[in-house]
Amino acid sequence: MFGFEKLKKERPSIIEQRANSEHLFDTSNKKPGRLSMESENKDERDWTWPDIGSLTEFDNAGYAEAMRKLAMDTGNECYATVGIAIMMEPSNAKRAASLYERAIAAGDERYATFNLARLLSKRDPSRAFSLYERAIAAGDERYATLGLADLEFPGEAPDLEYEKDLCKRAIIAGNELHATCSLADRVFRYNPEYARSLYERAIAAGDERYATRSLANLVRHDDPDLARSLYERAIAAGDERYATSGLANLVRHDDPELARSLYERAIAAGDELGATIRLATLMRTSNPDYAKSLYESAISDGEENYAAFNLARLVEPKDPGYARSLYWMAICQEDNRYAAVGLANLIEPEDPNYAKTLYKQAISLRDECYATFNLLKLIIADDPDYAGFLCERVIAADDDSHASIGVAILVESINPEYARSLYERAIAAGDERYATFNLARMMDSCYSLAQSFPYSESLAGSLFEDDYNPEAIIKSLYERAIAAGDERYATGGLADLVRRDDPELARSLYERAIAAGDERYATRGLALLMEPEDPELARSLYERAIAAGDERYATLYLAILISVEEPEYAESLCERATSAGNESATIALMLASLEQRYDD
């Protein structure tokens with residue numbers, strides 16, 4: 001099968017030969033919606049073209065009826081044959097193609113040739129290409145030219161400029177509705193204003209469905225109210241399938257119930273894949289069983305890529321085995337990079353080496369951020385040189401500061417100087433909140449470590465460089481983060497810093513952090529602060545922190561607080577803290593065991 005580029009090079013193009021001819025550009029003798037007065041068959045001159053609809057939404061019945069009337073008016077049985085073939089297309093495409101061939105053999109180079117090209121455009125684009133050119137040579141400048149523009153050759157990049165030229169020629173030939181939209185579809189990414197004017201032109205010419213919906217898609221982010229009215233207008237014009245789904249996409253965050261009913265209407269109208277997957281995604285939190293059934297329905301209808309991936313994410317917590325098979329399905333279907341990362345995350349604890357392979361596969365599929373970051377986590381301790389390369393790759397793949405912060409958090413225990421440079425890079429990029437807080441937190445941790453363990457002083461000194469006034473630096477960073485809006489964590493961090501020197505300020509800061517939603521760390525910090533003067537309040541605060549998820553530290557501190565009065569409960573708390581990874585709790589348990597043996 002010849003490719004698109006080869007066909008363009010080998011043909012003496014009918015379009016190029018006539019690009020400057022009077023027939024193509026002189027419209028003085030043409031009327032929109034009518035055949036050229038230069039038609040060889042004079043009985044066709046005043047026959048009105050049927051509105052065939054877009055080439056993807058072909059109006060078989062309307063066009064067939066128009067061809068029947070043309071056959072009666074002209075006495076040409078070829079047109080009747082074309083009409084019969086058009087009606088047979090949905091049920092028997094092979095038979096329709098043979099009828100078009102018969103009409104072409106009988107002399108209908110125009111209508112039969114165009115319709116056969118349209119029928120073969122997906123199955124045999126090379127032959128469709130030559131048929132469209134024959135139809136153009138026979139005078140069909142209006143639809144065959146547009147069909148040629150819409151033709152796709154697998155494996156070949158589209159020639160956008162060539163396609164735009166064909167659309168413009170179809171418009172000149174009188175195809176205001178569909179060629180105008182087709183041209184807009186090709187320019188909206190880089191010239192949205194021009195695309196908007198083209199869609200509006202098509203709407204003015206009578207396209208209340210496709211052009212109205214396409215204009216809604218174009219303006220939905222900038223003007224959602226206008227987009228909504230356009231979607232509703234397209235739906236009223238009969239676009240139950242795509243405009244309904246587009247409106248559901250627009251309202252799903254503000255009105256999920258309306259979105260659900262719209263998606264279900266779109267599915268009933270034939271959008272069995274796109275709308276089904278979007279509805280499943282909408283329902284995955286509120287009704288996971290319904291979402292699961294929708295994803296499985298989409299998979300059974302042939303969508304084994306995104307539906308399988310999203311279903312895997314949905315079922316993974318409860319059924320990791322089923323999730324694994326679904327990730328595999330998505331990967332095998334289209335080399336889904338997200339599915340490769342999902343499967344790697346799932347199997348990483350049991351098979352880290354294979355997880356590395358999957359992450360590398362996802363990276364090769366252009367997942368430069370998530371897959372690279374996850375691979376970095378796996379190899380950072382064992383391969384520092386490769387880890388350094390991956391660090392820069394993750395950061396380069398992400399335009400904002402989040403990648404720098406994520407990598408900095410990952411490497412700060414190994415290379416705090418490099419982590420500091422990454423935090424500062426994120427701060428310079430405008431992240432005064434998260435990057436500033438994390439830099440303060442890391443410096444605070446290193447300074448505390450240096451104070452507790454003398455051998456760490458050199459580390460702290462290199463981190464703080466020549467200006468060795470750590471507390472002042474850390475305090476200013478926390479204050480900057482708070483000023484940037486971090487009332488939750490930076491406020492608690494500053495409270496930890498000033499707790500010994502200014503307990504009243506620390507208490508007010510902890511209370512601010514708790515009010516901002518930090519039920520774990522700030523609550524535990526306030527409990528530590530209040531423990532000497534109000535142990536009952538401290539106990540209630542520890543229990544509150546534990547309830548919020550602080551199993552690692554708050555449980556140990558509560559155990560220490562109540563160890564004399566409630567030794568058995570304290571021991572159970574130490575066991576909980578140990579299970580959560582607190583090695584100090586393990587030591588406490590050992591000491592308690594030795595003390596018990598000594599007492600015995």
# chains A, B, ... in the order shown; residues from 1 in each chain; ligands from 1

call {"tool": "select_by_dssp", "arguments": {"residues": "segment 57-263 of chain A", "states": "helix (DSSP H, G or I)", "output": "number ranges by chain"}}
result
A: 60-74, 77-88, 93-105, 111-120, 125-137, 144-150, 160-172, 178-187, 192-204, 210-219, 224-236, 242-251, 256-263

call {"tool": "residues_around", "arguments": {"residues": "segment 100-108 of chain A", "least_positions_apart": "5", "cutoff": "7 Å", "atoms": "only C-alpha atoms", "output": "list in words"}}
result
Cys78, Thr81, Val82, Ala85, Thr113 and Leu116 of chain A

call {"tool": "residues_around", "arguments": {"residues": "Leu526 of chain A", "least_positions_apart": "4", "cutoff": "10 Å", "atoms": "only C-alpha atoms", "output": "ChimeraX atom specification"}}
result
/A:492,495-496,499,503,506-511,514,521-522,530-531,537-538,541-542

call {"tool": "write_last_selection", "arguments": {"atoms": "N, CA and C atoms", "output": "short mmCIF file (atom, residue, chain, number, x, y, z; two decimals), in the first residue's frame"}}
result
data_model
loop_
_atom_site.label_atom_id
_atom_site.label_comp_id
_atom_site.auth_asym_id
_atom_site.auth_seq_id
_atom_site.Cartn_x
_atom_site.Cartn_y
_atom_site.Cartn_z
N GLY A 492 3.72 24.96 63.06
CA GLY A 492 4.13 23.93 64.01
C GLY A 492 5.64 23.78 64.09
N ALA A 495 6.98 26.54 66.14
CA ALA A 495 6.67 26.28 67.56
C ALA A 495 7.68 25.32 68.16
N ASP A 496 8.05 24.25 67.40
CA ASP A 496 9.08 23.32 67.90
C ASP A 496 10.40 24.05 68.17
N ARG A 499 10.13 26.42 71.37
CA ARG A 499 9.44 25.84 72.53
C ARG A 499 10.24 26.03 73.84
N PRO A 503 7.91 29.43 75.64
CA PRO A 503 6.80 28.46 75.65
C PRO A 503 5.44 29.07 75.36
N ALA A 506 5.23 29.43 71.71
CA ALA A 506 5.12 28.09 71.15
C ALA A 506 3.69 27.57 71.27
N ARG A 507 3.08 27.79 72.46
CA ARG A 507 1.71 27.30 72.65
C ARG A 507 0.75 27.94 71.64
N SER A 508 0.86 29.26 71.46
CA SER A 508 -0.04 29.94 70.52
C SER A 508 0.18 29.45 69.09
N LEU A 509 1.46 29.16 68.77
CA LEU A 509 1.76 28.65 67.43
C LEU A 509 1.20 27.24 67.23
N TYR A 510 1.34 26.39 68.22
CA TYR A 510 0.77 25.04 68.11
C TYR A 510 -0.75 25.12 67.93
N GLU A 511 -1.38 25.98 68.70
CA GLU A 511 -2.84 26.11 68.59
C GLU A 511 -3.26 26.63 67.22
N ILE A 514 -2.92 23.62 64.87
CA ILE A 514 -4.03 22.68 65.07
C ILE A 514 -5.30 23.21 64.44
N TYR A 521 1.10 16.37 64.25
CA TYR A 521 2.39 16.85 64.74
C TYR A 521 2.22 18.00 65.74
N ALA A 522 1.35 18.97 65.41
CA ALA A 522 1.18 20.10 66.32
C ALA A 522 0.51 19.66 67.62
N MET A 530 2.88 20.89 77.24
CA MET A 530 1.98 20.99 78.40
C MET A 530 2.20 19.89 79.43
N GLU A 531 2.98 18.87 79.11
CA GLU A 531 3.12 17.71 79.97
C GLU A 531 3.59 18.05 81.40
N LEU A 537 -4.14 17.10 80.44
CA LEU A 537 -4.31 17.72 79.13
C LEU A 537 -3.35 17.10 78.11
N ALA A 538 -2.10 16.87 78.58
CA ALA A 538 -1.11 16.26 77.70
C ALA A 538 -1.59 14.89 77.23
N LEU A 541 -4.20 15.17 74.61
CA LEU A 541 -3.60 15.61 73.35
C LEU A 541 -2.86 14.47 72.65
N TYR A 542 -2.13 13.66 73.42
CA TYR A 542 -1.47 12.49 72.82
C TYR A 542 -2.50 11.56 72.20
#
